[in-house]
$ cat entry04.cif   # mmCIF, N, CA and C atoms
data_data
loop_
_atom_site.label_atom_id
_atom_site.label_comp_id
_atom_site.auth_asym_id
_atom_site.auth_seq_id
_atom_site.Cartn_x
_atom_site.Cartn_y
_atom_site.Cartn_z
N MET A 1 -46.39 10.54 -50.49
CA MET A 1 -45.20 11.31 -50.24
C MET A 1 -44.30 11.27 -51.49
N ARG A 2 -43.77 12.43 -51.86
CA ARG A 2 -42.90 12.53 -53.03
C ARG A 2 -41.47 12.18 -52.66
N ARG A 3 -40.78 11.58 -53.61
CA ARG A 3 -39.37 11.22 -53.41
C ARG A 3 -38.53 11.84 -54.52
N SER A 4 -37.32 12.19 -54.18
CA SER A 4 -36.39 12.75 -55.16
C SER A 4 -35.78 11.63 -55.99
N ILE A 5 -35.68 11.88 -57.28
CA ILE A 5 -34.99 10.98 -58.19
C ILE A 5 -33.58 11.51 -58.42
N VAL A 6 -33.51 12.79 -58.77
CA VAL A 6 -32.24 13.48 -58.98
C VAL A 6 -32.28 14.79 -58.22
N ARG A 7 -31.20 15.07 -57.49
CA ARG A 7 -31.06 16.36 -56.80
C ARG A 7 -29.82 17.03 -57.35
N ILE A 8 -29.92 18.33 -57.59
CA ILE A 8 -28.85 19.07 -58.25
C ILE A 8 -28.41 20.21 -57.35
N PHE A 9 -27.07 20.34 -57.20
CA PHE A 9 -26.51 21.30 -56.25
C PHE A 9 -25.34 22.08 -56.84
N ASN A 10 -24.95 23.10 -56.10
CA ASN A 10 -23.68 23.79 -56.32
C ASN A 10 -22.60 22.72 -56.22
N PRO A 11 -21.59 22.72 -57.10
CA PRO A 11 -20.57 21.66 -57.07
C PRO A 11 -19.77 21.57 -55.77
N SER A 12 -19.74 22.63 -54.98
CA SER A 12 -19.00 22.57 -53.72
C SER A 12 -19.63 21.58 -52.73
N VAL A 13 -20.88 21.20 -52.95
CA VAL A 13 -21.55 20.24 -52.08
C VAL A 13 -20.86 18.87 -52.12
N VAL A 14 -20.26 18.53 -53.25
CA VAL A 14 -19.56 17.25 -53.37
C VAL A 14 -18.45 17.18 -52.32
N ASP A 15 -17.66 18.24 -52.20
CA ASP A 15 -16.58 18.26 -51.21
C ASP A 15 -17.12 18.34 -49.78
N LEU A 16 -18.20 19.09 -49.59
CA LEU A 16 -18.81 19.19 -48.26
C LEU A 16 -19.33 17.84 -47.79
N ALA A 17 -19.91 17.07 -48.71
CA ALA A 17 -20.51 15.78 -48.36
C ALA A 17 -19.46 14.72 -48.08
N GLY A 18 -18.34 14.78 -48.78
CA GLY A 18 -17.31 13.75 -48.59
C GLY A 18 -17.81 12.38 -48.99
N ASP A 19 -17.36 11.36 -48.31
CA ASP A 19 -17.75 9.99 -48.64
C ASP A 19 -19.16 9.64 -48.17
N ASN A 20 -19.65 10.33 -47.17
CA ASN A 20 -20.98 10.07 -46.64
C ASN A 20 -21.95 11.08 -47.23
N ILE A 21 -22.71 10.65 -48.21
CA ILE A 21 -23.60 11.59 -48.90
C ILE A 21 -24.90 11.74 -48.11
N ASP A 22 -24.83 12.48 -47.02
CA ASP A 22 -25.99 12.77 -46.20
C ASP A 22 -26.26 14.27 -46.32
N ILE A 23 -26.92 14.64 -47.39
CA ILE A 23 -27.15 16.03 -47.75
C ILE A 23 -27.94 16.78 -46.68
N GLU A 24 -28.83 16.09 -46.01
CA GLU A 24 -29.74 16.75 -45.06
C GLU A 24 -29.01 17.41 -43.89
N ILE A 25 -27.81 16.97 -43.56
CA ILE A 25 -27.10 17.55 -42.42
C ILE A 25 -26.18 18.70 -42.82
N LEU A 26 -26.08 19.00 -44.12
CA LEU A 26 -25.16 20.02 -44.60
C LEU A 26 -25.82 21.39 -44.71
N ASP A 27 -25.01 22.41 -44.61
CA ASP A 27 -25.45 23.77 -44.90
C ASP A 27 -25.17 23.98 -46.39
N ILE A 28 -26.18 23.81 -47.22
CA ILE A 28 -26.04 23.79 -48.67
C ILE A 28 -25.88 25.21 -49.22
N PRO A 29 -24.77 25.47 -49.95
CA PRO A 29 -24.60 26.78 -50.57
C PRO A 29 -25.54 26.93 -51.77
N GLY A 30 -25.85 28.17 -52.10
CA GLY A 30 -26.75 28.45 -53.21
C GLY A 30 -26.14 28.13 -54.56
N ILE A 31 -27.01 27.91 -55.53
CA ILE A 31 -26.60 27.74 -56.92
C ILE A 31 -26.52 29.13 -57.53
N GLU A 32 -25.54 29.35 -58.38
CA GLU A 32 -25.39 30.66 -59.02
C GLU A 32 -26.71 31.07 -59.68
N VAL A 33 -27.11 32.32 -59.48
CA VAL A 33 -28.37 32.83 -60.01
C VAL A 33 -28.44 32.66 -61.52
N GLU A 34 -27.34 32.90 -62.19
CA GLU A 34 -27.31 32.77 -63.66
C GLU A 34 -27.65 31.34 -64.09
N LEU A 35 -27.12 30.35 -63.38
CA LEU A 35 -27.41 28.96 -63.71
C LEU A 35 -28.87 28.60 -63.43
N LEU A 36 -29.42 29.13 -62.34
CA LEU A 36 -30.84 28.88 -62.03
C LEU A 36 -31.74 29.49 -63.10
N GLU A 37 -31.45 30.71 -63.50
CA GLU A 37 -32.27 31.37 -64.51
C GLU A 37 -32.17 30.65 -65.86
N LYS A 38 -30.98 30.20 -66.19
CA LYS A 38 -30.77 29.45 -67.43
C LYS A 38 -31.58 28.14 -67.39
N PHE A 39 -31.54 27.45 -66.26
CA PHE A 39 -32.31 26.22 -66.09
C PHE A 39 -33.80 26.49 -66.27
N LYS A 40 -34.31 27.51 -65.60
CA LYS A 40 -35.74 27.84 -65.67
C LYS A 40 -36.19 28.17 -67.10
N ALA A 41 -35.35 28.83 -67.85
CA ALA A 41 -35.69 29.16 -69.24
C ALA A 41 -35.67 27.92 -70.12
N ARG A 42 -34.70 27.06 -69.89
CA ARG A 42 -34.54 25.88 -70.75
C ARG A 42 -35.55 24.78 -70.47
N ILE A 43 -35.98 24.61 -69.22
CA ILE A 43 -36.89 23.50 -68.91
C ILE A 43 -38.23 23.65 -69.63
N LEU A 44 -38.63 24.88 -69.90
CA LEU A 44 -39.90 25.11 -70.59
C LEU A 44 -39.87 24.61 -72.04
N LYS A 45 -38.70 24.35 -72.57
CA LYS A 45 -38.55 23.82 -73.93
C LYS A 45 -38.54 22.29 -73.95
N TYR A 46 -38.72 21.65 -72.79
CA TYR A 46 -38.64 20.20 -72.65
C TYR A 46 -39.97 19.56 -72.24
N GLU A 47 -41.08 20.11 -72.66
CA GLU A 47 -42.40 19.59 -72.29
C GLU A 47 -42.66 19.62 -70.79
N TYR A 48 -42.23 20.70 -70.16
CA TYR A 48 -42.55 20.97 -68.76
C TYR A 48 -43.25 22.32 -68.73
N GLU A 49 -44.15 22.48 -67.79
CA GLU A 49 -44.81 23.78 -67.64
C GLU A 49 -44.71 24.24 -66.19
N LEU A 50 -44.70 25.55 -66.03
CA LEU A 50 -44.67 26.14 -64.69
C LEU A 50 -45.99 25.83 -64.00
N SER A 51 -45.91 25.25 -62.80
CA SER A 51 -47.15 24.95 -62.08
C SER A 51 -47.35 25.85 -60.87
N SER A 52 -46.26 26.32 -60.25
CA SER A 52 -46.40 27.29 -59.16
C SER A 52 -45.07 27.99 -58.90
N GLU A 53 -45.22 29.17 -58.33
CA GLU A 53 -44.05 29.97 -57.98
C GLU A 53 -44.41 30.80 -56.76
N LYS A 54 -43.87 30.38 -55.58
CA LYS A 54 -44.17 31.12 -54.36
C LYS A 54 -43.14 30.79 -53.29
N ASN A 55 -42.93 31.72 -52.40
CA ASN A 55 -42.04 31.56 -51.26
C ASN A 55 -40.65 31.04 -51.64
N GLY A 56 -40.11 31.54 -52.74
CA GLY A 56 -38.76 31.14 -53.15
C GLY A 56 -38.66 29.76 -53.77
N LYS A 57 -39.82 29.17 -54.10
CA LYS A 57 -39.83 27.83 -54.70
C LYS A 57 -40.62 27.89 -56.01
N THR A 58 -39.99 27.38 -57.08
CA THR A 58 -40.64 27.30 -58.38
C THR A 58 -40.83 25.84 -58.73
N GLU A 59 -42.05 25.47 -59.14
CA GLU A 59 -42.34 24.08 -59.48
C GLU A 59 -42.80 23.98 -60.92
N TYR A 60 -42.32 22.91 -61.57
CA TYR A 60 -42.70 22.60 -62.94
C TYR A 60 -43.24 21.18 -62.96
N LYS A 61 -44.18 20.92 -63.87
CA LYS A 61 -44.65 19.55 -64.02
C LYS A 61 -44.37 19.08 -65.44
N CYS A 62 -44.07 17.80 -65.55
CA CYS A 62 -43.78 17.19 -66.84
C CYS A 62 -45.09 16.90 -67.55
N LEU A 63 -45.15 17.26 -68.83
CA LEU A 63 -46.37 17.05 -69.60
C LEU A 63 -46.32 15.78 -70.45
N LYS A 64 -45.22 15.05 -70.41
CA LYS A 64 -45.05 13.88 -71.28
C LYS A 64 -45.98 12.73 -70.89
N SER A 65 -46.31 12.60 -69.62
CA SER A 65 -47.22 11.54 -69.16
C SER A 65 -47.90 12.00 -67.88
N LYS A 66 -49.21 12.04 -67.90
CA LYS A 66 -49.95 12.45 -66.70
C LYS A 66 -49.84 11.42 -65.59
N SER A 67 -49.63 10.17 -65.94
CA SER A 67 -49.58 9.11 -64.92
C SER A 67 -48.30 9.17 -64.09
N TRP A 68 -47.25 9.80 -64.59
CA TRP A 68 -45.98 9.86 -63.85
C TRP A 68 -46.05 10.77 -62.64
N SER A 69 -46.64 11.95 -62.83
CA SER A 69 -46.62 12.99 -61.82
C SER A 69 -45.18 13.43 -61.51
N LEU A 70 -44.36 13.52 -62.55
CA LEU A 70 -42.98 13.97 -62.42
C LEU A 70 -42.97 15.49 -62.28
N LYS A 71 -42.31 15.97 -61.23
CA LYS A 71 -42.20 17.41 -60.99
C LYS A 71 -40.75 17.80 -60.81
N VAL A 72 -40.49 19.07 -61.07
CA VAL A 72 -39.18 19.64 -60.84
C VAL A 72 -39.38 20.83 -59.90
N VAL A 73 -38.62 20.84 -58.81
CA VAL A 73 -38.71 21.91 -57.82
C VAL A 73 -37.37 22.65 -57.80
N VAL A 74 -37.45 23.97 -57.95
CA VAL A 74 -36.25 24.80 -58.00
C VAL A 74 -36.27 25.77 -56.82
N THR A 75 -35.21 25.74 -56.02
CA THR A 75 -35.01 26.72 -54.95
C THR A 75 -33.66 27.37 -55.17
N ASP A 76 -33.25 28.26 -54.30
CA ASP A 76 -31.97 28.94 -54.52
C ASP A 76 -30.77 28.03 -54.30
N ASN A 77 -30.94 26.89 -53.63
CA ASN A 77 -29.79 26.02 -53.40
C ASN A 77 -29.97 24.58 -53.90
N GLU A 78 -31.07 24.31 -54.59
CA GLU A 78 -31.29 22.94 -55.08
C GLU A 78 -32.31 22.91 -56.20
N ILE A 79 -32.09 21.99 -57.13
CA ILE A 79 -33.07 21.64 -58.16
C ILE A 79 -33.34 20.16 -57.96
N SER A 80 -34.60 19.77 -57.85
CA SER A 80 -34.86 18.34 -57.66
C SER A 80 -35.97 17.86 -58.59
N PHE A 81 -35.76 16.67 -59.13
CA PHE A 81 -36.76 15.97 -59.94
C PHE A 81 -37.42 14.99 -58.99
N THR A 82 -38.73 15.09 -58.81
CA THR A 82 -39.44 14.27 -57.82
C THR A 82 -40.63 13.53 -58.43
N CYS A 83 -41.03 12.47 -57.75
CA CYS A 83 -42.22 11.72 -58.14
C CYS A 83 -42.82 11.09 -56.89
N PRO A 84 -44.06 10.58 -56.99
CA PRO A 84 -44.62 9.85 -55.85
C PRO A 84 -43.80 8.60 -55.60
N GLY A 85 -43.69 8.19 -54.36
CA GLY A 85 -42.92 7.00 -54.01
C GLY A 85 -43.36 5.76 -54.77
N THR A 86 -44.63 5.68 -55.11
CA THR A 86 -45.14 4.50 -55.83
C THR A 86 -44.64 4.44 -57.27
N LYS A 87 -44.14 5.54 -57.81
CA LYS A 87 -43.65 5.59 -59.19
C LYS A 87 -42.13 5.48 -59.28
N MET A 88 -41.46 5.28 -58.16
CA MET A 88 -40.00 5.33 -58.07
C MET A 88 -39.29 4.33 -58.96
N TYR A 89 -39.96 3.29 -59.41
CA TYR A 89 -39.29 2.28 -60.22
C TYR A 89 -39.86 2.19 -61.63
N ASN A 90 -40.55 3.22 -62.04
CA ASN A 90 -41.05 3.29 -63.41
C ASN A 90 -39.87 3.66 -64.31
N SER A 91 -39.46 2.75 -65.17
CA SER A 91 -38.24 2.96 -65.96
C SER A 91 -38.35 4.16 -66.90
N SER A 92 -39.52 4.41 -67.48
CA SER A 92 -39.68 5.57 -68.37
C SER A 92 -39.56 6.88 -67.61
N LEU A 93 -40.14 6.92 -66.43
CA LEU A 93 -40.06 8.11 -65.59
C LEU A 93 -38.62 8.37 -65.16
N LEU A 94 -37.92 7.32 -64.73
CA LEU A 94 -36.52 7.48 -64.32
C LEU A 94 -35.66 7.94 -65.49
N PHE A 95 -35.87 7.36 -66.65
CA PHE A 95 -35.11 7.77 -67.83
C PHE A 95 -35.34 9.24 -68.12
N GLU A 96 -36.58 9.68 -68.08
CA GLU A 96 -36.91 11.09 -68.32
C GLU A 96 -36.20 11.99 -67.32
N ALA A 97 -36.24 11.64 -66.06
CA ALA A 97 -35.61 12.47 -65.02
C ALA A 97 -34.10 12.53 -65.21
N PHE A 98 -33.46 11.39 -65.47
CA PHE A 98 -32.01 11.37 -65.64
C PHE A 98 -31.58 12.11 -66.90
N GLN A 99 -32.28 11.86 -68.00
CA GLN A 99 -31.90 12.49 -69.27
C GLN A 99 -32.10 14.00 -69.21
N THR A 100 -33.26 14.44 -68.76
CA THR A 100 -33.54 15.88 -68.73
C THR A 100 -32.63 16.61 -67.75
N SER A 101 -32.41 16.04 -66.57
CA SER A 101 -31.52 16.70 -65.61
C SER A 101 -30.11 16.81 -66.17
N SER A 102 -29.63 15.79 -66.82
CA SER A 102 -28.29 15.82 -67.41
C SER A 102 -28.17 16.86 -68.50
N GLU A 103 -29.17 16.92 -69.36
CA GLU A 103 -29.14 17.87 -70.48
C GLU A 103 -29.25 19.32 -70.02
N LEU A 104 -30.03 19.56 -68.99
CA LEU A 104 -30.29 20.94 -68.56
C LEU A 104 -29.29 21.50 -67.56
N CYS A 105 -28.46 20.66 -67.01
CA CYS A 105 -27.66 21.12 -65.88
C CYS A 105 -26.20 21.37 -66.16
N ASP A 106 -25.81 21.42 -67.42
CA ASP A 106 -24.43 21.75 -67.73
C ASP A 106 -23.48 20.97 -66.84
N HIS A 107 -23.30 19.71 -67.17
CA HIS A 107 -22.58 18.72 -66.36
C HIS A 107 -21.34 19.23 -65.63
N ASP A 108 -20.69 20.21 -66.15
CA ASP A 108 -19.47 20.66 -65.50
C ASP A 108 -19.70 21.75 -64.47
N GLN A 109 -20.93 22.29 -64.38
CA GLN A 109 -21.19 23.43 -63.50
C GLN A 109 -22.10 23.12 -62.31
N LEU A 110 -22.80 22.00 -62.35
CA LEU A 110 -23.70 21.63 -61.28
C LEU A 110 -23.51 20.16 -60.93
N ALA A 111 -23.62 19.82 -59.65
CA ALA A 111 -23.45 18.44 -59.20
C ALA A 111 -24.80 17.73 -59.19
N LEU A 112 -24.87 16.58 -59.87
CA LEU A 112 -26.09 15.80 -59.95
C LEU A 112 -25.99 14.58 -59.05
N LEU A 113 -26.96 14.44 -58.16
CA LEU A 113 -26.99 13.32 -57.22
C LEU A 113 -28.13 12.38 -57.59
N ASP A 114 -27.80 11.13 -57.87
CA ASP A 114 -28.78 10.10 -58.18
C ASP A 114 -29.35 9.60 -56.86
N CYS A 115 -30.64 9.81 -56.63
CA CYS A 115 -31.29 9.39 -55.38
C CYS A 115 -32.23 8.21 -55.60
N SER A 116 -32.23 7.64 -56.79
CA SER A 116 -33.21 6.60 -57.11
C SER A 116 -32.97 5.30 -56.36
N ARG A 117 -31.72 4.98 -56.09
CA ARG A 117 -31.40 3.77 -55.32
C ARG A 117 -30.38 4.16 -54.26
N ASP A 118 -29.14 3.80 -54.48
CA ASP A 118 -28.06 4.25 -53.60
C ASP A 118 -27.63 5.63 -54.04
N LYS A 119 -27.50 6.53 -53.12
CA LYS A 119 -27.10 7.89 -53.48
C LYS A 119 -25.68 7.87 -54.04
N ARG A 120 -25.53 8.47 -55.24
CA ARG A 120 -24.21 8.59 -55.84
C ARG A 120 -24.19 9.80 -56.76
N TRP A 121 -23.02 10.42 -56.87
CA TRP A 121 -22.86 11.56 -57.76
C TRP A 121 -22.79 11.05 -59.20
N MET A 122 -23.48 11.71 -60.10
CA MET A 122 -23.59 11.23 -61.46
C MET A 122 -22.51 11.79 -62.39
N ASN A 123 -21.90 12.90 -62.06
CA ASN A 123 -21.05 13.58 -63.04
C ASN A 123 -19.70 14.03 -62.49
N LEU A 124 -19.13 13.30 -61.58
CA LEU A 124 -17.88 13.71 -60.95
C LEU A 124 -16.73 13.88 -61.94
N GLU A 125 -16.68 13.04 -62.96
CA GLU A 125 -15.55 13.10 -63.88
C GLU A 125 -15.46 14.39 -64.68
N ASN A 126 -16.59 15.08 -64.87
CA ASN A 126 -16.60 16.33 -65.64
C ASN A 126 -16.82 17.58 -64.79
N LEU A 127 -17.04 17.40 -63.52
CA LEU A 127 -17.46 18.50 -62.64
C LEU A 127 -16.30 19.44 -62.31
N GLN A 128 -16.54 20.74 -62.51
CA GLN A 128 -15.57 21.76 -62.14
C GLN A 128 -15.85 22.18 -60.70
N ARG A 129 -14.89 21.89 -59.80
CA ARG A 129 -15.10 22.23 -58.38
C ARG A 129 -14.06 23.22 -57.92
#

$ encode --input "entry04.cif" --output "structure tokens"
Amino acid sequence: MRRSIVRIFNPSVVDLAGDNIDIEILDIPGIEVELLEKFKARILKYEYELSSEKNGKTEYKCLKSKSWSLKVVVTDNEISFTCPGTKMYNSSLLFEAFQTSSELCDHDQLALLDCSRDKRWMNLENLQR
């Protein structure tokens, strides 16, 4: 089973979630189309390749290490960096997910949620809401 390392949302999700970050119970608003398209264009420059595109879901796989099985899944309301549960504590994989998500997501325009341990927002101080 795959687990999310970083989940990325429309910044309004931070206010919707409040103190209890239980994303699964929320009606998540979509990410601006322009930001999604920008993300999709930029990720291909980071050693990721398109692996599938169907039913409103686009998946990319990281080419930096075959053993990681790091994937990025893009939908209209979420971008998530995922890996198998057995790889959840690989420090190189976590570093890659955190660094790439931060660089690609324009810290002030998208909310980044760290799901690797305790759920917490990664970029609240710069986030435009």

$ residues_near_point --input "entry04.cif" --point "(-28.8, 23.1, -61.8)" --cutoff "7 Å" --atoms "only N, CA and C atoms" --output "list in words"
Ile8, Phe9, Asn10, Leu35, Leu36, Phe39, Glu78, Ile79, Leu104, Cys105, Asp106, Gln109, Leu110 and Ala111 of chain A

$ write_last_selection --input "entry04.cif" --atoms "N, CA and C atoms" --output "short mmCIF file (atom, residue, chain, number, x, y, z; two decimals), in the coordinates of the input"
data_model
loop_
_atom_site.label_atom_id
_atom_site.label_comp_id
_atom_site.auth_asym_id
_atom_site.auth_seq_id
_atom_site.Cartn_x
_atom_site.Cartn_y
_atom_site.Cartn_z
N ILE A 8 -29.92 18.33 -57.59
CA ILE A 8 -28.85 19.07 -58.25
C ILE A 8 -28.41 20.21 -57.35
N PHE A 9 -27.07 20.34 -57.20
CA PHE A 9 -26.51 21.30 -56.25
C PHE A 9 -25.34 22.08 -56.84
N ASN A 10 -24.95 23.10 -56.10
CA ASN A 10 -23.68 23.79 -56.32
C ASN A 10 -22.60 22.72 -56.22
N LEU A 35 -27.12 30.35 -63.38
CA LEU A 35 -27.41 28.96 -63.71
C LEU A 35 -28.87 28.60 -63.43
N LEU A 36 -29.42 29.13 -62.34
CA LEU A 36 -30.84 28.88 -62.03
C LEU A 36 -31.74 29.49 -63.10
N PHE A 39 -31.54 27.45 -66.26
CA PHE A 39 -32.31 26.22 -66.09
C PHE A 39 -33.80 26.49 -66.27
N GLU A 78 -31.07 24.31 -54.59
CA GLU A 78 -31.29 22.94 -55.08
C GLU A 78 -32.31 22.91 -56.20
N ILE A 79 -32.09 21.99 -57.13
CA ILE A 79 -33.07 21.64 -58.16
C ILE A 79 -33.34 20.16 -57.96
N LEU A 104 -30.03 19.56 -68.99
CA LEU A 104 -30.29 20.94 -68.56
C LEU A 104 -29.29 21.50 -67.56
N CYS A 105 -28.46 20.66 -67.01
CA CYS A 105 -27.66 21.12 -65.88
C CYS A 105 -26.20 21.37 -66.16
N ASP A 106 -25.81 21.42 -67.42
CA ASP A 106 -24.43 21.75 -67.73
C ASP A 106 -23.48 20.97 -66.84
N GLN A 109 -20.93 22.29 -64.38
CA GLN A 109 -21.19 23.43 -63.50
C GLN A 109 -22.10 23.12 -62.31
N LEU A 110 -22.80 22.00 -62.35
CA LEU A 110 -23.70 21.63 -61.28
C LEU A 110 -23.51 20.16 -60.93
N ALA A 111 -23.62 19.82 -59.65
CA ALA A 111 -23.45 18.44 -59.20
C ALA A 111 -24.80 17.73 -59.19
#

$ resolve_selection --input "entry04.cif" --expression "the PyMOL selection byres (((chain A and resi 93 and name CA) around 10) and name CA)" --output "PyMOL selection string"
chain A and resi 5+62+64-65+67-70+82-83+87-92+94-99

$ residues_around --input "entry04.cif" --residues "Gly56 in chain A" --least-positions-apart "5" --cutoff "8 Å" --atoms "only N, CA and C atoms" --output "list in words"
Val74, Thr75 and Asp76 of chain A

$ residues_around --input "entry04.cif" --residues "Leu50 in chain A" --least-positions-apart "3" --cutoff "7 Å" --atoms "only C-alpha atoms" --output "list in words"
Glu59, Tyr60 and Lys61 of chain A

$ closest_residue --input "entry04.cif" --among "A:Lys54, A:Ser12, A:Val72, A:Leu124" --to "Pro29 in chain A" --atoms "only N, CA and C atoms"
A:Ser12

$ select_by_dssp --input "entry04.cif" --residues "chain A" --states "helix (DSSP H, G or I)" --output "PyMOL selection string"
chain A and resi 12-17+23-25+33-43+85-87+91-104

$ select_by_dssp --input "entry04.cif" --residues "chain A" --states "strand (DSSP E or B)" --output "ChimeraX atom specification"
/A:2-9,48-54,57-62,71-74,79-84,111-114,120-121

$ write_last_selection --input "entry04.cif" --atoms "N, CA and C atoms" --output "CSV table (one decimal), in the frame of the given file"
chain,number,residue,atom,x,y,z
A,2,ARG,N,-43.8,12.4,-51.9
A,2,ARG,CA,-42.9,12.5,-53.0
A,2,ARG,C,-41.5,12.2,-52.7
A,3,ARG,N,-40.8,11.6,-53.6
A,3,ARG,CA,-39.4,11.2,-53.4
A,3,ARG,C,-38.5,11.8,-54.5
A,4,SER,N,-37.3,12.2,-54.2
A,4,SER,CA,-36.4,12.8,-55.2
A,4,SER,C,-35.8,11.6,-56.0
A,5,ILE,N,-35.7,11.9,-57.3
A,5,ILE,CA,-35.0,11.0,-58.2
A,5,ILE,C,-33.6,11.5,-58.4
A,6,VAL,N,-33.5,12.8,-58.8
A,6,VAL,CA,-32.2,13.5,-59.0
A,6,VAL,C,-32.3,14.8,-58.2
A,7,ARG,N,-31.2,15.1,-57.5
A,7,ARG,CA,-31.1,16.4,-56.8
A,7,ARG,C,-29.8,17.0,-57.4
A,8,ILE,N,-29.9,18.3,-57.6
A,8,ILE,CA,-28.8,19.1,-58.2
A,8,ILE,C,-28.4,20.2,-57.4
A,9,PHE,N,-27.1,20.3,-57.2
A,9,PHE,CA,-26.5,21.3,-56.2
A,9,PHE,C,-25.3,22.1,-56.8
A,48,TYR,N,-42.2,20.7,-70.2
A,48,TYR,CA,-42.6,21.0,-68.8
A,48,TYR,C,-43.2,22.3,-68.7
A,49,GLU,N,-44.2,22.5,-67.8
A,49,GLU,CA,-44.8,23.8,-67.6
A,49,GLU,C,-44.7,24.2,-66.2
A,50,LEU,N,-44.7,25.6,-66.0
A,50,LEU,CA,-44.7,26.1,-64.7
A,50,LEU,C,-46.0,25.8,-64.0
A,51,SER,N,-45.9,25.2,-62.8
A,51,SER,CA,-47.2,25.0,-62.1
A,51,SER,C,-47.4,25.8,-60.9
A,52,SER,N,-46.3,26.3,-60.2
A,52,SER,CA,-46.4,27.3,-59.2
A,52,SER,C,-45.1,28.0,-58.9
A,53,GLU,N,-45.2,29.2,-58.3
A,53,GLU,CA,-44.0,30.0,-58.0
A,53,GLU,C,-44.4,30.8,-56.8
A,54,LYS,N,-43.9,30.4,-55.6
A,54,LYS,CA,-44.2,31.1,-54.4
A,54,LYS,C,-43.1,30.8,-53.3
A,57,LYS,N,-39.8,29.2,-54.1
A,57,LYS,CA,-39.8,27.8,-54.7
A,57,LYS,C,-40.6,27.9,-56.0
A,58,THR,N,-40.0,27.4,-57.1
A,58,THR,CA,-40.6,27.3,-58.4
A,58,THR,C,-40.8,25.8,-58.7
A,59,GLU,N,-42.0,25.5,-59.1
A,59,GLU,CA,-42.3,24.1,-59.5
A,59,GLU,C,-42.8,24.0,-60.9
A,60,TYR,N,-42.3,22.9,-61.6
A,60,TYR,CA,-42.7,22.6,-62.9
A,60,TYR,C,-43.2,21.2,-63.0
A,61,LYS,N,-44.2,20.9,-63.9
A,61,LYS,CA,-44.6,19.6,-64.0
A,61,LYS,C,-44.4,19.1,-65.4
A,62,CYS,N,-44.1,17.8,-65.6
A,62,CYS,CA,-43.8,17.2,-66.8
A,62,CYS,C,-45.1,16.9,-67.6
A,71,LYS,N,-42.3,16.0,-61.2
A,71,LYS,CA,-42.2,17.4,-61.0
A,71,LYS,C,-40.8,17.8,-60.8
A,72,VAL,N,-40.5,19.1,-61.1
A,72,VAL,CA,-39.2,19.6,-60.8
A,72,VAL,C,-39.4,20.8,-59.9
A,73,VAL,N,-38.6,20.8,-58.8
A,73,VAL,CA,-38.7,21.9,-57.8
A,73,VAL,C,-37.4,22.6,-57.8
A,74,VAL,N,-37.4,24.0,-58.0
A,74,VAL,CA,-36.2,24.8,-58.0
A,74,VAL,C,-36.3,25.8,-56.8
A,79,ILE,N,-32.1,22.0,-57.1
A,79,ILE,CA,-33.1,21.6,-58.2
A,79,ILE,C,-33.3,20.2,-58.0
A,80,SER,N,-34.6,19.8,-57.8
A,80,SER,CA,-34.9,18.3,-57.7
A,80,SER,C,-36.0,17.9,-58.6
A,81,PHE,N,-35.8,16.7,-59.1
A,81,PHE,CA,-36.8,16.0,-59.9
A,81,PHE,C,-37.4,15.0,-59.0
A,82,THR,N,-38.7,15.1,-58.8
A,82,THR,CA,-39.4,14.3,-57.8
A,82,THR,C,-40.6,13.5,-58.4
A,83,CYS,N,-41.0,12.5,-57.8
A,83,CYS,CA,-42.2,11.7,-58.1
A,83,CYS,C,-42.8,11.1,-56.9
A,84,PRO,N,-44.1,10.6,-57.0
A,84,PRO,CA,-44.6,9.8,-55.8
A,84,PRO,C,-43.8,8.6,-55.6
A,111,ALA,N,-23.6,19.8,-59.6
A,111,ALA,CA,-23.4,18.4,-59.2
A,111,ALA,C,-24.8,17.7,-59.2
A,112,LEU,N,-24.9,16.6,-59.9
A,112,LEU,CA,-26.1,15.8,-60.0
A,112,LEU,C,-26.0,14.6,-59.0
A,113,LEU,N,-27.0,14.4,-58.2
A,113,LEU,CA,-27.0,13.3,-57.2
A,113,LEU,C,-28.1,12.4,-57.6
A,114,ASP,N,-27.8,11.1,-57.9
A,114,ASP,CA,-28.8,10.1,-58.2
A,114,ASP,C,-29.4,9.6,-56.9
A,120,ARG,N,-25.5,8.5,-55.2
A,120,ARG,CA,-24.2,8.6,-55.8
A,120,ARG,C,-24.2,9.8,-56.8
A,121,TRP,N,-23.0,10.4,-56.9
A,121,TRP,CA,-22.9,11.6,-57.8
A,121,TRP,C,-22.8,11.0,-59.2

$ atom_distance --input "entry04.cif" --atom1 "CA of Thr86 in chain A" --atom2 "CA of Cys115 in chain A"
14.7 Å

$ atom_distance --input "entry04.cif" --atom1 "CA of Asp118 in chain A" --atom2 "CA of Ser51 in chain A"
29.4 Å

$ resolve_selection --input "entry04.cif" --expression "the PyMOL selection byres (((chain A and resi 23 and name CA) around 10) and name CA)" --output "JSON, numbers by chain"
{"A": [7, 13, 14, 16, 17, 20, 21, 22, 24, 25, 26, 27, 28, 113, 119]}

$ atom_distance --input "entry04.cif" --atom1 "CA of Ser80 in chain A" --atom2 "CA of Ser4 in chain A"
6.3 Å

$ closest_residue --input "entry04.cif" --among "A:Thr100, A:Ser116, A:Asn123, A:Asn77" --to "Tyr46 in chain A" --atoms "all atoms listed in the file"
A:Thr100
